[in-house]
$ cat protein_22.cif   # mmCIF, C-alpha atoms
data_upload
#
loop_
_atom_site.group_PDB
_atom_site.id
_atom_site.type_symbol
_atom_site.label_atom_id
_atom_site.label_comp_id
_atom_site.auth_asym_id
_atom_site.auth_seq_id
_atom_site.Cartn_x
_atom_site.Cartn_y
_atom_site.Cartn_z
ATOM 1 C CA MET E 1 109.370 96.629 133.907
ATOM 2 C CA LEU E 2 112.010 97.766 131.396
ATOM 3 C CA THR E 3 115.724 97.494 132.024
ATOM 4 C CA ASN E 4 117.880 100.604 131.580
ATOM 5 C CA LYS E 5 119.424 99.111 128.456
ATOM 6 C CA GLU E 6 116.012 98.453 126.920
ATOM 7 C CA GLN E 7 114.815 101.969 127.781
ATOM 8 C CA GLU E 8 117.930 103.471 126.208
ATOM 9 C CA LEU E 9 117.507 101.377 123.054
ATOM 10 C CA ILE E 10 113.807 102.235 122.689
ATOM 11 C CA SER E 11 114.532 105.925 123.236
ATOM 12 C CA GLU E 12 117.181 105.869 120.483
ATOM 13 C CA ILE E 13 114.799 104.106 118.086
ATOM 14 C CA ARG E 14 112.098 106.685 118.828
ATOM 15 C CA HIS E 15 114.598 109.393 117.879
ATOM 16 C CA GLY E 16 114.950 107.753 114.466
ATOM 17 C CA ASN E 17 118.173 105.803 114.995
ATOM 18 C CA THR E 18 117.750 102.916 112.535
ATOM 19 C CA ARG E 19 121.003 101.303 113.680
ATOM 20 C CA ALA E 20 119.469 100.935 117.152
ATOM 21 C CA TYR E 21 116.456 99.267 115.556
ATOM 22 C CA SER E 22 118.701 96.783 113.741
ATOM 23 C CA VAL E 23 120.112 95.802 117.165
ATOM 24 C CA PHE E 24 116.544 95.324 118.414
ATOM 25 C CA VAL E 25 115.597 93.206 115.365
ATOM 26 C CA ASP E 26 118.740 91.068 115.653
ATOM 27 C CA HIS E 27 117.936 90.401 119.312
ATOM 28 C CA TYR E 28 114.370 89.152 118.686
ATOM 29 C CA LYS E 29 114.426 87.876 115.097
ATOM 30 C CA ASP E 30 115.094 84.194 115.883
ATOM 31 C CA LEU E 31 112.392 84.077 118.559
ATOM 32 C CA VAL E 32 109.811 85.825 116.366
ATOM 33 C CA PHE E 33 110.717 83.741 113.311
ATOM 34 C CA THR E 34 110.536 80.469 115.280
ATOM 35 C CA LEU E 35 107.127 81.404 116.704
ATOM 36 C CA ALA E 36 105.889 82.347 113.208
ATOM 37 C CA LEU E 37 107.283 79.152 111.705
ATOM 38 C CA ARG E 38 105.558 76.973 114.295
ATOM 39 C CA LEU E 39 102.277 78.799 113.823
ATOM 40 C CA LEU E 40 102.336 78.969 110.015
ATOM 41 C CA GLY E 41 104.355 75.837 109.204
ATOM 42 C CA ASN E 42 106.092 77.375 106.178
ATOM 43 C CA ARG E 43 109.460 79.184 106.073
ATOM 44 C CA ASP E 44 108.526 81.745 103.384
ATOM 45 C CA GLU E 45 105.300 82.690 105.092
ATOM 46 C CA ALA E 46 107.007 82.776 108.474
ATOM 47 C CA GLU E 47 109.648 85.153 107.119
ATOM 48 C CA GLU E 48 106.998 87.476 105.687
ATOM 49 C CA ALA E 49 104.994 87.391 108.927
ATOM 50 C CA ALA E 50 108.139 88.071 110.971
ATOM 51 C CA GLN E 51 108.976 91.068 108.749
ATOM 52 C CA ASP E 52 105.419 92.409 109.107
ATOM 53 C CA THR E 53 105.747 91.965 112.859
ATOM 54 C CA PHE E 54 108.922 94.069 113.057
ATOM 55 C CA ILE E 55 107.443 96.827 110.867
ATOM 56 C CA LYS E 56 104.348 96.910 113.105
ATOM 57 C CA ILE E 57 106.597 97.030 116.171
ATOM 58 C CA PHE E 58 108.558 99.962 114.698
ATOM 59 C CA ASN E 59 105.353 101.894 113.999
ATOM 60 C CA ALA E 60 103.844 101.094 117.407
ATOM 61 C CA LEU E 61 106.984 101.726 119.459
ATOM 62 C CA GLU E 62 105.868 105.326 120.020
ATOM 63 C CA THR E 63 102.817 104.064 121.926
ATOM 64 C CA PHE E 64 104.578 101.340 123.934
ATOM 65 C CA LYS E 65 104.135 102.344 127.560
ATOM 66 C CA GLY E 66 106.330 99.673 129.097
ATOM 67 C CA ASP E 67 103.617 98.130 131.282
ATOM 68 C CA SER E 68 104.712 94.644 130.190
ATOM 69 C CA LYS E 69 108.052 93.094 129.296
ATOM 70 C CA VAL E 70 109.311 94.100 125.843
ATOM 71 C CA SER E 71 109.520 90.423 124.881
ATOM 72 C CA THR E 72 105.870 89.844 125.884
ATOM 73 C CA TRP E 73 104.794 92.831 123.782
ATOM 74 C CA VAL E 74 106.865 91.568 120.821
ATOM 75 C CA TYR E 75 105.399 88.039 121.102
ATOM 76 C CA ARG E 76 101.861 89.432 121.302
ATOM 77 C CA ILE E 77 102.303 91.384 118.048
ATOM 78 C CA ALA E 78 103.960 88.374 116.369
ATOM 79 C CA TYR E 79 101.245 85.977 117.567
ATOM 80 C CA ASN E 80 98.411 88.258 116.395
ATOM 81 C CA THR E 81 100.120 88.909 113.045
ATOM 82 C CA CYS E 82 100.337 85.154 112.437
ATOM 83 C CA LEU E 83 96.723 84.547 113.504
ATOM 84 C CA ASP E 84 95.572 87.347 111.162
ATOM 85 C CA ARG E 85 97.507 85.704 108.345
ATOM 86 C CA ILE E 86 95.928 82.325 109.057
ATOM 87 C CA LYS E 87 92.449 83.918 109.068
ATOM 88 C CA LYS E 88 93.163 85.979 105.943
ATOM 89 C CA TYR E 89 94.356 83.104 103.816
ATOM 90 C CA LYS E 90 92.131 80.577 105.615
ATOM 91 C CA LYS E 91 94.865 78.010 105.357
ATOM 92 C CA GLU E 92 94.584 74.743 107.166
ATOM 93 C CA ARG E 93 97.924 73.307 108.109
ATOM 94 C CA LEU E 94 98.561 69.737 107.172
ATOM 95 C CA HIS E 95 98.509 67.901 110.428
ATOM 96 C CA VAL E 96 97.687 64.416 111.555
ATOM 97 C CA ASP E 97 94.296 63.760 113.023
ATOM 98 C CA VAL E 98 94.588 64.258 116.741
ATOM 99 C CA ASP E 99 90.941 64.914 117.467
ATOM 100 C CA TYR E 100 90.947 61.837 119.596
ATOM 101 C CA ILE E 101 93.639 62.277 122.205
ATOM 102 C CA LYS E 102 95.347 59.093 123.162
ATOM 103 C CA ASP E 103 96.840 58.321 126.525
ATOM 104 C CA VAL E 104 100.400 57.781 125.460
ATOM 105 C CA ALA E 105 102.845 56.121 127.804
ATOM 106 C CA PHE E 106 105.472 58.824 128.123
ATOM 107 C CA SER E 107 108.075 56.402 129.510
ATOM 108 C CA GLU E 108 108.029 54.481 126.210
ATOM 109 C CA LEU E 109 108.451 57.714 124.280
ATOM 110 C CA ASP E 110 111.231 58.793 126.590
ATOM 111 C CA ASP E 111 113.126 55.512 126.045
ATOM 112 C CA ALA E 112 112.632 55.690 122.286
ATOM 113 C CA LEU E 113 113.978 59.236 122.212
ATOM 114 C CA ASP E 114 117.013 58.177 124.237
ATOM 115 C CA LYS E 115 117.909 55.600 121.604
ATOM 116 C CA MET E 116 117.912 58.172 118.806
ATOM 117 C CA MET E 117 120.862 60.245 117.653
ATOM 118 C CA GLN E 118 120.850 63.939 118.564
ATOM 119 C CA ALA E 119 120.304 65.111 114.962
ATOM 120 C CA GLU E 120 117.519 62.572 114.393
ATOM 121 C CA ARG E 121 115.856 63.618 117.608
ATOM 122 C CA THR E 122 115.926 67.324 116.688
ATOM 123 C CA ALA E 123 114.551 66.574 113.222
ATOM 124 C CA LEU E 124 111.757 64.448 114.706
ATOM 125 C CA ILE E 125 110.817 67.098 117.269
ATOM 126 C CA ASN E 126 110.702 69.800 114.576
ATOM 127 C CA ALA E 127 108.602 67.594 112.303
ATOM 128 C CA CYS E 128 106.156 66.839 115.124
ATOM 129 C CA LEU E 129 105.869 70.487 116.131
ATOM 130 C CA ALA E 130 105.135 71.324 112.496
ATOM 131 C CA LYS E 131 102.222 68.875 112.547
ATOM 132 C CA LEU E 132 100.587 70.458 115.595
ATOM 133 C CA PRO E 133 97.578 72.707 114.924
ATOM 134 C CA ALA E 134 98.622 76.391 114.888
ATOM 135 C CA GLU E 135 97.045 77.361 118.222
ATOM 136 C CA ASP E 136 98.614 74.440 120.089
ATOM 137 C CA ALA E 137 102.038 75.057 118.567
ATOM 138 C CA GLY E 138 101.718 78.719 119.534
ATOM 139 C CA VAL E 139 100.736 77.984 123.141
ATOM 140 C CA ILE E 140 103.565 75.495 123.665
ATOM 141 C CA THR E 141 106.179 77.743 122.013
ATOM 142 C CA LEU E 142 105.129 80.804 124.002
ATOM 143 C CA PHE E 143 105.103 78.780 127.246
ATOM 144 C CA TYR E 144 108.823 78.165 126.815
ATOM 145 C CA PHE E 145 109.672 81.597 125.359
ATOM 146 C CA GLU E 146 108.018 83.218 128.387
ATOM 147 C CA GLU E 147 109.925 80.850 130.683
ATOM 148 C CA LYS E 148 106.681 79.233 131.862
ATOM 149 C CA ASN E 149 105.373 82.539 133.200
ATOM 150 C CA LEU E 150 101.604 82.153 132.845
ATOM 151 C CA VAL E 151 100.943 85.764 133.880
ATOM 152 C CA GLU E 152 103.045 87.042 130.958
ATOM 153 C CA MET E 153 101.329 84.520 128.674
ATOM 154 C CA GLU E 154 97.987 85.944 129.808
ATOM 155 C CA LYS E 155 99.091 89.336 128.415
ATOM 156 C CA THR E 156 100.425 87.825 125.195
ATOM 157 C CA LEU E 157 97.413 85.671 124.357
ATOM 158 C CA GLY E 158 94.681 87.720 126.003
ATOM 159 C CA LEU E 159 93.354 84.557 127.711
ATOM 160 C CA SER E 160 92.873 83.717 131.385
ATOM 161 C CA VAL E 161 95.494 81.633 133.196
ATOM 162 C CA ASN E 162 93.021 78.760 133.607
ATOM 163 C CA THR E 163 92.210 78.698 129.879
ATOM 164 C CA ILE E 164 95.920 78.707 129.066
ATOM 165 C CA LYS E 165 96.475 75.766 131.448
ATOM 166 C CA VAL E 166 93.724 73.756 129.754
ATOM 167 C CA ARG E 167 95.103 74.578 126.300
ATOM 168 C CA LEU E 168 98.608 73.636 127.376
ATOM 169 C CA PHE E 169 97.410 70.311 128.736
ATOM 170 C CA ARG E 170 95.619 69.475 125.486
ATOM 171 C CA ALA E 171 98.507 70.716 123.325
ATOM 172 C CA ARG E 172 100.982 68.611 125.287
ATOM 173 C CA LYS E 173 98.897 65.479 124.805
ATOM 174 C CA LYS E 174 98.441 66.185 121.111
ATOM 175 C CA LEU E 175 102.195 66.584 120.700
ATOM 176 C CA ALA E 176 102.799 63.280 122.520
ATOM 177 C CA THR E 177 100.262 61.524 120.259
ATOM 178 C CA ILE E 178 101.918 62.942 117.136
ATOM 179 C CA MET E 179 105.340 61.845 118.414
ATOM 180 C CA GLU E 180 104.132 58.351 119.097
ATOM 181 C CA GLN E 181 102.599 58.069 115.610
ATOM 182 C CA SER E 182 105.784 59.410 113.994
ATOM 183 C CA MET E 183 107.972 57.013 115.952
ATOM 184 C CA GLU E 184 105.778 54.033 115.097
ATOM 185 C CA ARG E 185 105.998 54.964 111.420
ATOM 186 C CA GLU E 186 109.763 55.350 111.655
ATOM 187 C CA MET E 187 110.160 51.969 113.317
ATOM 188 C CA LEU E 188 107.982 50.356 110.643
ATOM 189 C CA ASP E 189 110.109 51.984 107.945
ATOM 190 C CA ASN E 190 113.333 50.797 109.611
ATOM 191 C CA ASN E 191 112.063 47.232 109.956
ATOM 192 C CA GLY E 192 111.129 47.188 106.285
ATOM 193 C CA MET S 1 95.211 62.157 135.165
ATOM 194 C CA ASP S 2 96.824 62.617 138.586
ATOM 195 C CA LYS S 3 99.180 65.422 139.441
ATOM 196 C CA GLN S 4 102.264 63.215 139.522
ATOM 197 C CA GLU S 5 101.678 61.953 136.018
ATOM 198 C CA ASP S 6 100.946 65.485 134.844
ATOM 199 C CA LYS S 7 104.296 66.554 136.278
ATOM 200 C CA LYS S 8 106.062 63.773 134.374
ATOM 201 C CA TRP S 9 104.395 64.867 131.143
ATOM 202 C CA GLU S 10 105.576 68.392 131.791
ATOM 203 C CA GLU S 11 109.143 67.159 132.301
ATOM 204 C CA PHE S 12 108.902 65.212 129.077
ATOM 205 C CA LEU S 13 107.764 68.316 127.223
ATOM 206 C CA ASP S 14 110.556 70.316 128.871
ATOM 207 C CA ARG S 15 112.999 67.871 127.400
ATOM 208 C CA ILE S 16 111.469 67.976 123.930
ATOM 209 C CA MET S 17 111.275 71.753 123.837
ATOM 210 C CA GLY S 18 114.765 72.055 125.263
ATOM 211 C CA GLU S 19 116.015 70.141 122.249
ATOM 212 C CA ALA S 20 113.896 72.044 119.726
ATOM 213 C CA PRO S 21 116.327 74.613 118.321
ATOM 214 C CA LEU S 22 115.496 78.204 117.500
ATOM 215 C CA GLU S 23 115.131 78.719 113.774
ATOM 216 C CA SER S 24 116.833 81.623 111.987
ATOM 217 C CA PRO S 25 115.381 83.671 109.141
ATOM 218 C CA SER S 26 117.337 84.519 105.964
ATOM 219 C CA LYS S 27 120.643 86.431 106.187
ATOM 220 C CA ASP S 28 119.276 89.699 104.793
ATOM 221 C CA PHE S 29 116.260 89.659 107.114
ATOM 222 C CA THR S 30 117.285 92.727 109.181
ATOM 223 C CA ALA S 31 118.468 94.649 106.099
ATOM 224 C CA ASN S 32 115.106 94.032 104.368
ATOM 225 C CA ILE S 33 113.189 95.344 107.364
ATOM 226 C CA LEU S 34 115.334 98.478 107.604
ATOM 227 C CA GLN S 35 114.917 99.095 103.883
ATOM 228 C CA LYS S 36 111.121 98.813 104.191
ATOM 229 C CA ILE S 37 111.124 101.198 107.149
ATOM 230 C CA GLU S 38 113.258 103.731 105.257
ATOM 231 C CA THR S 39 110.952 103.547 102.215
ATOM 232 C CA GLN S 40 107.982 104.043 104.509
ATOM 233 C CA SER S 41 109.622 107.117 106.114
ATOM 234 C CA ALA S 42 110.518 108.554 102.691
ATOM 235 C CA LYS S 43 106.866 108.326 101.662
ATOM 236 C CA GLU S 44 105.891 110.331 104.710
ATOM 237 C CA VAL S 45 108.457 113.020 103.853
ATOM 238 C CA TYR S 46 107.427 113.453 100.201
ATOM 239 C CA GLN S 47 103.700 113.343 100.726
ATOM 240 C CA TYR S 48 101.976 115.859 98.439
ATOM 241 C CA LYS S 49 100.734 119.022 100.097
ATOM 242 C CA PRO S 50 99.242 121.970 98.126
ATOM 243 C CA LEU S 51 100.998 125.330 98.421
ATOM 244 C CA LEU S 52 97.771 126.993 99.485
ATOM 245 C CA SER S 53 95.518 124.930 101.694
ATOM 246 C CA LYS S 54 91.761 124.799 101.130
ATOM 247 C CA PRO S 55 90.843 127.240 103.953
ATOM 248 C CA VAL S 56 93.406 129.768 102.653
ATOM 249 C CA LEU S 57 92.019 129.485 99.090
ATOM 250 C CA VAL S 58 88.454 129.953 100.353
ATOM 251 C CA GLY S 59 89.622 132.977 102.387
ATOM 252 C CA VAL S 60 91.321 134.519 99.352
ATOM 253 C CA PHE S 61 88.191 134.005 97.227
ATOM 254 C CA ILE S 62 85.919 135.560 99.882
ATOM 255 C CA ALA S 63 88.296 138.534 100.297
ATOM 256 C CA PHE S 64 88.412 139.054 96.518
ATOM 257 C CA ALA S 65 84.605 138.834 96.191
ATOM 258 C CA ALA S 66 84.197 141.272 99.109
ATOM 259 C CA LEU S 67 86.667 143.698 97.505
ATOM 260 C CA MET S 68 84.813 143.566 94.186
ATOM 261 C CA ALA S 69 81.459 144.101 95.936
ATOM 262 C CA PHE S 70 82.928 147.052 97.839
ATOM 263 C CA VAL S 71 84.294 148.654 94.652
ATOM 264 C CA VAL S 72 80.981 148.233 92.808
ATOM 265 C CA LEU S 73 78.937 149.627 95.716
ATOM 266 C CA LYS S 74 81.308 152.534 96.357
ATOM 267 C CA PHE S 75 81.858 153.719 92.778
ATOM 268 C CA GLY S 76 78.764 152.280 91.079
ATOM 269 C CA GLY S 77 78.582 149.767 88.222
ATOM 270 C CA GLN S 78 77.086 152.137 85.595
ATOM 271 C CA SER S 79 79.724 154.855 85.633
ATOM 272 C CA THR S 80 80.434 156.499 82.254
ATOM 273 C CA GLU S 81 83.406 158.416 83.549
ATOM 274 C CA GLY S 82 85.727 155.452 83.949
ATOM 275 C CA TRP S 83 88.723 154.813 81.679
ATOM 276 C CA PHE S 84 87.258 151.469 80.595
ATOM 277 C CA ASP S 85 84.483 153.106 78.608
ATOM 278 C CA GLN S 86 87.001 155.303 76.804
ATOM 279 C CA LEU S 87 88.677 152.330 75.193
ATOM 280 C CA GLN S 88 88.115 151.882 71.443
ATOM 281 C CA TRP S 89 87.888 148.146 70.816
ATOM 282 C CA GLU S 90 86.217 147.837 67.447
ATOM 283 C CA PRO S 91 88.889 149.343 65.184
ATOM 284 C CA ASN S 92 91.569 147.157 66.745
ATOM 285 C CA PHE S 93 89.643 143.947 66.247
ATOM 286 C CA GLN S 94 88.500 144.756 62.738
ATOM 287 C CA PRO S 95 91.650 143.803 60.772
ATOM 288 C CA ILE S 96 92.448 140.734 62.879
ATOM 289 C CA TRP S 97 89.030 139.039 62.783
ATOM 290 C CA SER S 98 87.846 140.223 59.365
ATOM 291 C CA TRP S 99 88.510 136.823 57.799
ATOM 292 C CA MET S 100 85.987 135.296 60.222
ATOM 293 C CA GLU S 101 83.105 137.417 58.981
ATOM 294 C CA GLN S 102 82.187 134.973 56.220
ATOM 295 C CA TYR S 103 82.657 131.891 58.359
ATOM 296 C CA THR S 104 79.707 129.746 59.412
ATOM 297 C CA SER S 105 80.008 126.643 61.554
ATOM 298 C CA SER S 106 77.848 123.518 61.567
ATOM 299 C CA ASN S 107 75.931 122.386 64.657
ATOM 300 C CA VAL S 108 77.970 119.180 64.807
ATOM 301 C CA LEU S 109 81.201 121.146 65.137
ATOM 302 C CA LEU S 110 79.647 123.335 67.815
ATOM 303 C CA TYR S 111 78.544 120.289 69.848
ATOM 304 C CA ALA S 112 81.965 118.676 69.399
ATOM 305 C CA VAL S 113 83.744 121.743 70.730
ATOM 306 C CA LEU S 114 81.312 121.987 73.663
ATOM 307 C CA LEU S 115 81.714 118.308 74.509
ATOM 308 C CA PHE S 116 85.489 118.613 74.311
ATOM 309 C CA GLY S 117 85.360 121.530 76.741
ATOM 310 C CA VAL S 118 83.168 119.611 79.212
ATOM 311 C CA LEU S 119 85.370 116.518 79.051
ATOM 312 C CA PHE S 120 88.462 118.656 79.507
ATOM 313 C CA PHE S 121 87.157 120.112 82.734
ATOM 314 C CA VAL S 122 85.986 116.687 83.961
ATOM 315 C CA GLN S 123 89.380 115.176 83.220
ATOM 316 C CA LEU S 124 91.322 117.872 85.025
ATOM 317 C CA PRO S 125 90.284 116.919 88.596
ATOM 318 C CA TRP S 126 90.326 113.206 87.708
ATOM 319 C CA LEU S 127 93.873 113.331 86.324
ATOM 320 C CA LYS S 128 95.025 115.429 89.281
ATOM 321 C CA LYS S 129 93.654 112.807 91.683
ATOM 322 C CA GLN S 130 95.346 109.955 89.768
ATOM 323 C CA LEU S 131 98.702 111.737 89.711
ATOM 324 C CA GLU S 132 98.505 112.470 93.429
ATOM 325 C CA GLN S 133 97.795 108.803 94.169
ATOM 326 C CA ASP S 134 100.749 107.698 92.038
ATOM 327 C CA LEU S 135 102.992 110.132 93.868
ATOM 328 C CA ILE S 136 101.934 108.735 97.248
ATOM 329 C CA LEU S 137 102.339 105.116 96.117
ATOM 330 C CA LYS S 138 105.859 105.769 94.852
#
$ encode --input "protein_22.cif" --output "structure tokens"
Amino acid sequence: MLTNKEQELISEIRHGNTRAYSVFVDHYKDLVFTLALRLLGNRDEAEEAAQDTFIKIFNALETFKGDSKVSTWVYRIAYNTCLDRIKKYKKERLHVDVDYIKDVAFSELDDALDKMMQAERTALINACLAKLPAEDAGVITLFYFEEKNLVEMEKTLGLSVNTIKVRLFRARKKLATIMEQSMEREMLDNNG
Amino acid sequence: MDKQEDKKWEEFLDRIMGEAPLESPSKDFTANILQKIETQSAKEVYQYKPLLSKPVLVGVFIAFAALMAFVVLKFGGQSTEGWFDQLQWEPNFQPIWSWMEQYTSSNVLLYAVLLFGVLFFVQLPWLKKQLEQDLILK
């Protein structure tokens, strides 16, 4: 499962080479921080959770057997660290009510997105992802981090492939609903 | 929802997520982690360990008690031929402690001294425990 380079790096870290660990952290920090940010919805908390994740990884590296991809193992620790944090502080993220899932016409959304500037589009997407409930944001983010590999996601989330598919479907629809609501609001604001 | 529409939704999400950039943590993120790891390792290095472990201390005590028992059984505890009995204590103590002969103490003072002694021996293990904890936390 591990590439030679990864094996070499892990072996050096196990021998106490902290410089090797800084290479490891630099390689994964953006991915872990982005996942934490989408799950927790707050930069400070995401940074703390990402730091906790890398300290846990350092302590657990001795027991890593290499039976999954390193990235999958890293995401699993990051995901669980964030979920623990959510449970510990019992924080509810501020998100729009998407308990009723609307059937949104994606073609309309697609057209509306086309008309927006690149920067506006990125800002809108980030804002909408931030409004998603933590579990949905996590599932969608991991789906793309794992390059749509549901088998790897199974290891990360500890859920069956079928459950992940159902969650993805619901998360996707929730995201579309949030986007539609945000766009409607933006258009209303623009029209005065 | 049919499969074709599901596919289109997936493509739409692909597009959205393709445009969602990766976020970066603060500049000193890696340095902070390494510092925490080094502090954690330093704690492990300087963890307090007694010079003599508990089993060794117990062993020493048992050996000492056994030696004393052996000496008493072998040579007897009532011997009058030993050098200890030849010692003359009284004359030596007489001039030093003569001033105490007239001294009488009140019960209150006696209790105070006793209480102080008890508290002293209670505080010893408690203080030792506190200091050890502080050492580990630092």
$ resolve_selection --input "protein_22.cif" --expression "the PyMOL selection byres ((chain S) within 6 of (chain E))" --output "list in words"
Ala20, Leu22, Glu23 and Ser24 of chain S
$ write_last_selection --input "protein_22.cif" --atoms "C-alpha atoms" --output "PDB file, in the coordinates of the input"
ATOM      1  CA  ALA S  20     113.896  72.044 119.726  1.00  0.00           C
ATOM      2  CA  LEU S  22     115.496  78.204 117.500  1.00  0.00           C
ATOM      3  CA  GLU S  23     115.131  78.719 113.774  1.00  0.00           C
ATOM      4  CA  SER S  24     116.833  81.623 111.987  1.00  0.00           C
TER       5      SER S  24
END
$ closest_residue --input "protein_22.cif" --among "E:Val139, E:Ala49, E:Ile13, E:Glu120" --to "Leu159 (chain E)" --atoms "all atoms listed in the file"
E:Val139
$ atom_distance --input "protein_22.cif" --atom1 "CA of Pro125 (chain S)" --atom2 "CA of Val60 (chain S)"
20.7 Å
$ closest_residue --input "protein_22.cif" --among "E:Thr177, E:Thr63, E:Thr163, E:Asn42" --to "Ile86 (chain E)" --atoms "all atoms listed in the file"
E:Asn42
$ atom_distance --input "protein_22.cif" --atom1 "CA of Leu150 (chain E)" --atom2 "CA of Lys69 (chain E)"
13.2 Å
$ closest_residue --input "protein_22.cif" --among "E:Leu40, E:Ser11, E:Ala171, E:Arg185" --to "Lys87 (chain E)" --atoms "only C-alpha atoms"
E:Leu40
$ atom_distance --input "protein_22.cif" --atom1 "CA of Lys3 (chain S)" --atom2 "CA of Met17 (chain S)"
20.7 Å
$ residues_around --input "protein_22.cif" --residues "Gln7 (chain E)" --least-positions-apart "6" --cutoff "12 Å" --atoms "all atoms listed in the file" --output "JSON, numbers by chain"
{"E": [1, 13, 14, 20, 24, 61, 64, 65, 66, 69, 70]}
$ closest_residue --input "protein_22.cif" --among "E:Glu184, E:Val161, E:Ile10, E:Phe145" --to "Gly18 (chain S)" --atoms "only C-alpha atoms"
E:Phe145
